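**Q** I have a structure here, written as structure tokens, and I will follow up with some questions on it.
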Amino acid sequence: MSDCRRQWNREDELPVYLAGPITTGLNQRKSFGMFSAVEGAFESKTIDFDNYAVGRKGSRTPRSGSRERLLDAGDPVGKTPGGAREGPRNSPPGEREDAPGGVQVRFSSGMESANGTSERLLIKGGRVVNDDQSFFADVYIEDGLIKQVGENLAVPGSVKVIEANGRMIVPGGIDVNTCFMKPFLGTQPVDDFLQGTRAALAGGTTMIIDHVTPQPGDSLLEAFERWQEAADKKACCDYSLHVDIPQWNEVVKDELELLVQDKGINSFQVYMAYKDVYQLTDSQLYEAFSFLKHLGAMVLVHAENGDLIAQEQRKILEMGITGPEGHPLSRPEELEAEAVFRAITLGNRVNCPVYITKVMSKSAADTITQARRKGQPHSLFCSSGFPPQSESSIFLSSSPGSVVFGEPITASLATDGSHYWSKNWAKAAAYVTSPPLSPDPTTPDHLHTLLACGDLQVVGSSHCAYSTSQKAIGKDDFTLIPEGTNGVEERMGFVWDKAVAMGKMDENQFVAVTSTTAAKIFNLYPRKGRIAVGSDADVVIWDPDSVKTITAKLQQSGAEYNIFEGLECRGGPAIVLSQGRVVYEEGKLQAQQGTGRFIPRKPFPDYAYQRVKFRNQVKNKQSVTRGVYDGPVYDVTPTPKYITPSPSAKTSPTSHQPPPIRNLHQSNFSLSGAQIDDNVPRRSGHRIVAPPGGRSNITSLG
């Protein structure tokens with residue numbers, strides 16, 4: 001990879017999304033990425049933020065803060081007081097080519113630095129990158145909101161000015177899969193909401209969605225309150241919560257309804273693994289999918305075949321394999337792919353959107369891809385890599401594709417499962433997570449390809465860091481090793497390094513998979529996930545040229561190891577803004593504990609449920625109107641349904657036993673008991689004079 005990077009030193013060899021600012025006069029390139037040829041694509045679009053925003057003007061829960069959303073009622077969205085609009089900035093020739101390489105921060109007269117606590121910020125000379133367009137513009141921030149986007153902005157005199165010098169201005173990352181308080185045998189991860197959100201900010205992530213993980217039998221509401229209380233005290237960035245469902249009953253249904261309607265939760269995770277702990281049966285999953293669809297919530301699925309895993313674990317342990325290598329041996333990737341297929345099938349039957357968390361293997365990712373493409377035209381090539389042979393092969397089916405989303409994580413995108421066979425037990429145990437990392441070294445590249453094609457949609461981290469001593473709980477039994485890896489700090493950097501810098505995806509797709517699509521799926525958009533007037537000022541100035549080597553010595557995580565140790569990563573944040581405040585600047589973290597806000601989310605996100613609504617109309621099942629049948633009907637005797645007796649019924653001497661069933665093949669004749677000729681003395685022999693078939697002497701007939 002280093003050889004490849006040395007070849008990129010010349011700017012004219014770079015892809016357009018890695019090249020420096022382009023200013024060539026009349027022929028200046030005005031756009032970047034896949035939308036450059038669309039006329040009018042960069043004109044200001046009017047967005048009704050009141051209809052899309054979540055938690056604004058009184059919709060926050062009591063814990064979420066009281067700051068109202070400040071939108072200029074008389075200024076249309078996208079316009080600025082100076083007449084500028086959100087759109088491409090036409091820079092005069094030579095204005096940016098000679099700009100300094102680094103990001104500079106300066107203060108206008110009368111403005112003092114307060115460690116990034118300024119309420120008024122102006123980012124100048126940057127290139128705004130959203131999921132659908134890129135353009136040169138300045139960004140003015142006030143009171144934690146983006147107030148203006150455009151050129152020649154009219155701003156107050158006393159503002160803090162950040163000179164981006166042509167670097168990208170992207171929405172803050174959104175990590176929708178963290179586990180900062182997940183318990184395991186009485187222990188919790190070393191990275192709590194304080195350490196975890198600090199690591200997130202250092203990597204460019206400005207919002208996380210953590211998993212509330214109640215134990216079986218616990219109240220979902222009480223667990224939610226514990227998580228929210230801990231996060232309010234410690235979180236350094238905005239956050240929201242998923243709630244996991246460990247069992248299914250009427251009490252759980254009531255609590256789910258309260259969480260959706262009163263607490264601002266619109267996503268819940270169910271488990272197909274962890275037999276006798278979290279695993280739900282297929283019938284329970286069907287009921288859960290149906291009920292959550294009725295509530296308008298997103299169904300998150302941990303997809304593994306828990307029944308077969310339990311059998312495989314028992315077999316592996318009986319073979320004497322107790323080390324970390326037993327983890328992937330007992331959870332082969334076909335068990336993940338089978339469960340993914342089953343979850344999608346259940347979602348299709350219910351017509352419910354399904355979100356598969358932690359896509360770790362090629363076969364699981366391909367299962368999602370095929371389900372999404374069903375009934376849709378191929379992107380250009382078949383999955384084999386060759387063009388379709390005929391027009392009829394372009395469509396996989398006449399039925400619509402599944403409403404399913406796939407989420408690979410940092411670990412599955414940057415490393416593989418070969419480390420499970422390391423001679424160093426602590427190193428091998430550090431990689432233990434479920435589903436396990438695939439031993440196939442080509443898996444990360446395959447997952448990045450599917451991300452770039454849109455077949456996978458979101459990148460999470462599943463950050464759940466345990467110390468080596470905690471991992472050692474399972475030193476004699478791999479099934480007891482706490483499951484979890486790091487990744488929240490490295491998430492965005494590795495997507496850039498292994499996808500954008502390698503030419504697999506452009507900068508707009510990078511924003512989509514690390515921020516915008518997650519915001520849309522979980523109903524945070526456009527408050528989060530976009531650089532636009534009225535959005536939260538969670539902003540990252542991204543430096544595509546920075547290069548660093550991952551090491552545990554420099555990480556923000558509290559763990560003493562890093563599974564990406566020694567890997568080189570190209571691209572990273574130069575400055576990170578959270579709620580309009582500078583919290584990370586050139587390697588220095590300035591985050592403050594407890595400043596994170598809980599962000600409630602409304603149900604029925606359009607990004608997932610709009611298709612579901614129309615499919616309900618299309619797939620509406622109706623009976624066929626026909627005449628009454630008045631012909632002969634065969635007369636049968638109703639037979640009761642056979643019920644398998646319980647084990648106690650078989651062994652209990654007092655239980656009622658059914659009468660024995662007569663075997664018709666047996667005769668009524670029996671030689672047992674008294675016979676009518678018992679009083680006749682028997683002879684020892686009898687000569688037959690001329691028996692049929694020849695003479696013979698038959699003896700001992702008695």
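Residue names in the structure tokens use chain letters A, B, ... in the order shown, residue numbers from 1 in each chain, and ligand numbers from 1 in the order shown.
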Near Leu145 in chain A, within 10 Å and counting only C-alpha atoms, which residues show up once chain neighbours fewer than 5 positions away are dropped, as a compact mmCIF listing (two decimals) with N, CA, C and O atoms, in the first residue's frame?

**A**
```txt
# COMPACT_ATOMS: atom_id res chain seq x y z
N ARG A 69 -34.68 25.23 18.67
CA ARG A 69 -34.07 25.31 17.34
C ARG A 69 -34.32 26.70 16.79
O ARG A 69 -35.46 27.17 16.73
N LEU A 70 -33.24 27.38 16.38
CA LEU A 70 -33.36 28.75 15.90
C LEU A 70 -33.29 28.76 14.39
O LEU A 70 -32.24 28.55 13.81
N LEU A 71 -34.42 28.96 13.77
CA LEU A 71 -34.48 29.04 12.32
C LEU A 71 -35.01 30.42 11.93
O LEU A 71 -35.96 30.92 12.53
N GLU A 119 -19.52 30.82 20.25
CA GLU A 119 -20.85 30.56 19.72
C GLU A 119 -20.97 30.99 18.27
O GLU A 119 -21.96 30.71 17.63
N ARG A 120 -19.97 31.71 17.76
CA ARG A 120 -20.00 32.17 16.38
C ARG A 120 -18.73 31.74 15.68
O ARG A 120 -17.63 32.11 16.08
N TYR A 140 -21.23 29.53 8.01
CA TYR A 140 -21.33 30.35 9.22
C TYR A 140 -22.19 29.62 10.24
O TYR A 140 -23.28 29.15 9.95
N ARG A 527 -31.51 17.13 10.37
CA ARG A 527 -30.86 17.73 11.53
C ARG A 527 -29.42 17.26 11.64
O ARG A 527 -28.52 18.02 11.96
N ALA A 532 -26.13 22.05 5.83
CA ALA A 532 -27.20 22.85 5.25
C ALA A 532 -27.70 23.81 6.32
O ALA A 532 -27.52 23.59 7.52
N VAL A 533 -28.33 24.88 5.87
CA VAL A 533 -28.88 25.86 6.79
C VAL A 533 -29.94 25.20 7.66
O VAL A 533 -30.85 24.54 7.16
N GLY A 534 -29.82 25.39 8.96
CA GLY A 534 -30.76 24.82 9.91
C GLY A 534 -30.32 23.52 10.53
O GLY A 534 -30.88 23.10 11.55
N SER A 535 -29.33 22.86 9.95
CA SER A 535 -28.83 21.61 10.52
C SER A 535 -27.96 21.90 11.73
O SER A 535 -27.42 22.99 11.90
N ASP A 536 -27.80 20.88 12.59
CA ASP A 536 -26.90 21.01 13.73
C ASP A 536 -25.48 21.24 13.24
O ASP A 536 -25.06 20.67 12.22
N ALA A 537 -24.73 22.03 13.99
CA ALA A 537 -23.36 22.35 13.60
C ALA A 537 -22.41 21.26 14.07
O ALA A 537 -21.45 21.50 14.81
N ASP A 538 -22.67 20.02 13.66
CA ASP A 538 -21.74 18.91 13.82
C ASP A 538 -20.97 18.80 12.51
O ASP A 538 -21.46 18.24 11.53
N GLN A 579 -21.87 20.54 18.16
CA GLN A 579 -22.80 21.58 18.63
C GLN A 579 -22.21 22.98 18.44
O GLN A 579 -22.43 23.89 19.23
N GLY A 580 -21.45 23.14 17.37
CA GLY A 580 -20.88 24.44 17.05
C GLY A 580 -19.62 24.79 17.82
O GLY A 580 -19.12 25.91 17.71
```

**Q** Identify which of the residues A:Arg581, A:Arg530, A:Arg491, A:Arg198 lies closest to Cys236 in chain A, counting only C-alpha atoms when measuring atom-to-atom distances.

**A**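 With only C-alpha atoms as the atom set, the closest residue is A:Arg198.
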
**Q** Have a look at CA of Ser546 in chain A and CA of Met505 in chain A and let me know their distance in Å, one decimal.

**A**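 Interatomic distance here is 18.4 Å.
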
**Q** What lies within 6 Å of Leu121 in chain A using only C-alpha atoms, ignoring chain neighbours under 6 positions off, as a PDB file with all heavy atoms, in the first residue's frame?

**A**
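Wrote result-v7.pdb, looks like this:
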```pdb
ATOM      1  N   TYR A 140     -21.230  29.534   8.007  1.00  0.00           N
ATOM      2  CA  TYR A 140     -21.333  30.353   9.216  1.00  0.00           C
ATOM      3  C   TYR A 140     -22.186  29.618  10.243  1.00  0.00           C
ATOM      4  O   TYR A 140     -23.285  29.149   9.946  1.00  0.00           O
ATOM      5  CB  TYR A 140     -21.944  31.717   8.910  1.00  0.00           C
ATOM      6  CG  TYR A 140     -22.191  32.549  10.152  1.00  0.00           C
ATOM      7  CD1 TYR A 140     -21.129  32.965  10.945  1.00  0.00           C
ATOM      8  CD2 TYR A 140     -23.491  32.892  10.536  1.00  0.00           C
ATOM      9  CE1 TYR A 140     -21.352  33.718  12.101  1.00  0.00           C
ATOM     10  CE2 TYR A 140     -23.720  33.639  11.672  1.00  0.00           C
ATOM     11  CZ  TYR A 140     -22.646  34.048  12.454  1.00  0.00           C
ATOM     12  OH  TYR A 140     -22.870  34.783  13.600  1.00  0.00           O
ATOM     13  N   ILE A 141     -21.656  29.549  11.471  1.00  0.00           N
ATOM     14  CA  ILE A 141     -22.282  28.787  12.552  1.00  0.00           C
ATOM     15  C   ILE A 141     -22.549  29.711  13.728  1.00  0.00           C
ATOM     16  O   ILE A 141     -21.673  30.497  14.124  1.00  0.00           O
ATOM     17  CB  ILE A 141     -21.377  27.617  12.982  1.00  0.00           C
ATOM     18  CG1 ILE A 141     -21.218  26.614  11.828  1.00  0.00           C
ATOM     19  CG2 ILE A 141     -21.909  26.931  14.229  1.00  0.00           C
ATOM     20  CD1 ILE A 141     -20.132  25.594  12.051  1.00  0.00           C
ATOM     21  N   VAL A 159     -16.233  37.102  15.208  1.00  0.00           N
ATOM     22  CA  VAL A 159     -16.417  35.675  14.984  1.00  0.00           C
ATOM     23  C   VAL A 159     -15.059  34.998  14.951  1.00  0.00           C
ATOM     24  O   VAL A 159     -14.027  35.614  14.627  1.00  0.00           O
ATOM     25  CB  VAL A 159     -17.169  35.398  13.654  1.00  0.00           C
ATOM     26  CG1 VAL A 159     -18.571  35.960  13.692  1.00  0.00           C
ATOM     27  CG2 VAL A 159     -16.389  35.924  12.465  1.00  0.00           C
ATOM     28  N   LYS A 160     -15.087  33.746  15.286  1.00  0.00           N
ATOM     29  CA  LYS A 160     -13.889  32.916  15.166  1.00  0.00           C
ATOM     30  C   LYS A 160     -13.843  32.367  13.744  1.00  0.00           C
ATOM     31  O   LYS A 160     -14.809  31.769  13.266  1.00  0.00           O
ATOM     32  CB  LYS A 160     -13.940  31.777  16.171  1.00  0.00           C
ATOM     33  CG  LYS A 160     -12.729  30.846  16.128  1.00  0.00           C
ATOM     34  CD  LYS A 160     -12.859  29.780  17.201  1.00  0.00           C
ATOM     35  CE  LYS A 160     -11.653  28.848  17.184  1.00  0.00           C
ATOM     36  NZ  LYS A 160     -11.758  27.816  18.247  1.00  0.00           N
ATOM     37  N   VAL A 161     -12.734  32.613  13.055  1.00  0.00           N
ATOM     38  CA  VAL A 161     -12.602  32.232  11.648  1.00  0.00           C
ATOM     39  C   VAL A 161     -11.674  31.033  11.531  1.00  0.00           C
ATOM     40  O   VAL A 161     -10.561  31.037  12.076  1.00  0.00           O
ATOM     41  CB  VAL A 161     -12.076  33.396  10.796  1.00  0.00           C
ATOM     42  CG1 VAL A 161     -11.945  32.957   9.335  1.00  0.00           C
ATOM     43  CG2 VAL A 161     -12.995  34.603  10.911  1.00  0.00           C
TER      44      VAL A 161
END
```

**Q** Name the residues in contact with Ile473 in chain A at a cut-off of 12 Å, using only C-alpha atoms, excluding same-chain residues fewer than 3 positions from it; report them as a ChimeraX atom specification.

**A** /A:184-187,323-324,426,429,466-470,476-483

**Q** Give the answer as one residue: which of A:Trp542, A:Phe135, A:Tyr609, A:Tyr239 has the shortest atom-to-atom distance to Asn351 in chain A, using only C-alpha atoms?

**A**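 Comparing A:Trp542, A:Phe135, A:Tyr609, A:Tyr239 against Asn351 in chain A, the winner is A:Tyr609.
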
**Q** Excluding same-chain residues fewer than 6 positions from Ala297 in chain A, what lies within 12 Å of it counting only C-alpha atoms, as a PyMOL selection string?

**A** chain A and resi 242-243+256-257+259-261+264-269+288-291+352-355+521-523+601-606+608-609

**Q** Identify, on the basis of only C-alpha atoms, every residue whose closest approach to range 277-285 of chain A does not exceed 7 Å; exclude the query and any residue fewer than 2 positions from it along the same chain; express the result as a list in words.

**A**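 Neighbouring residues, sequence-local ones excluded: Pro216, Pro246, Gln247, Trp248, Tyr271, Met272, Ala273, Tyr274, Lys275, Glu287, Ala288, Phe289 and Gly306 of chain A.
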
**Q** Can you work out the spacing between CA of Gly406 in chain A and CA of Ile356 in chain A in Å, to one decimal?

**A** 5.0 Å
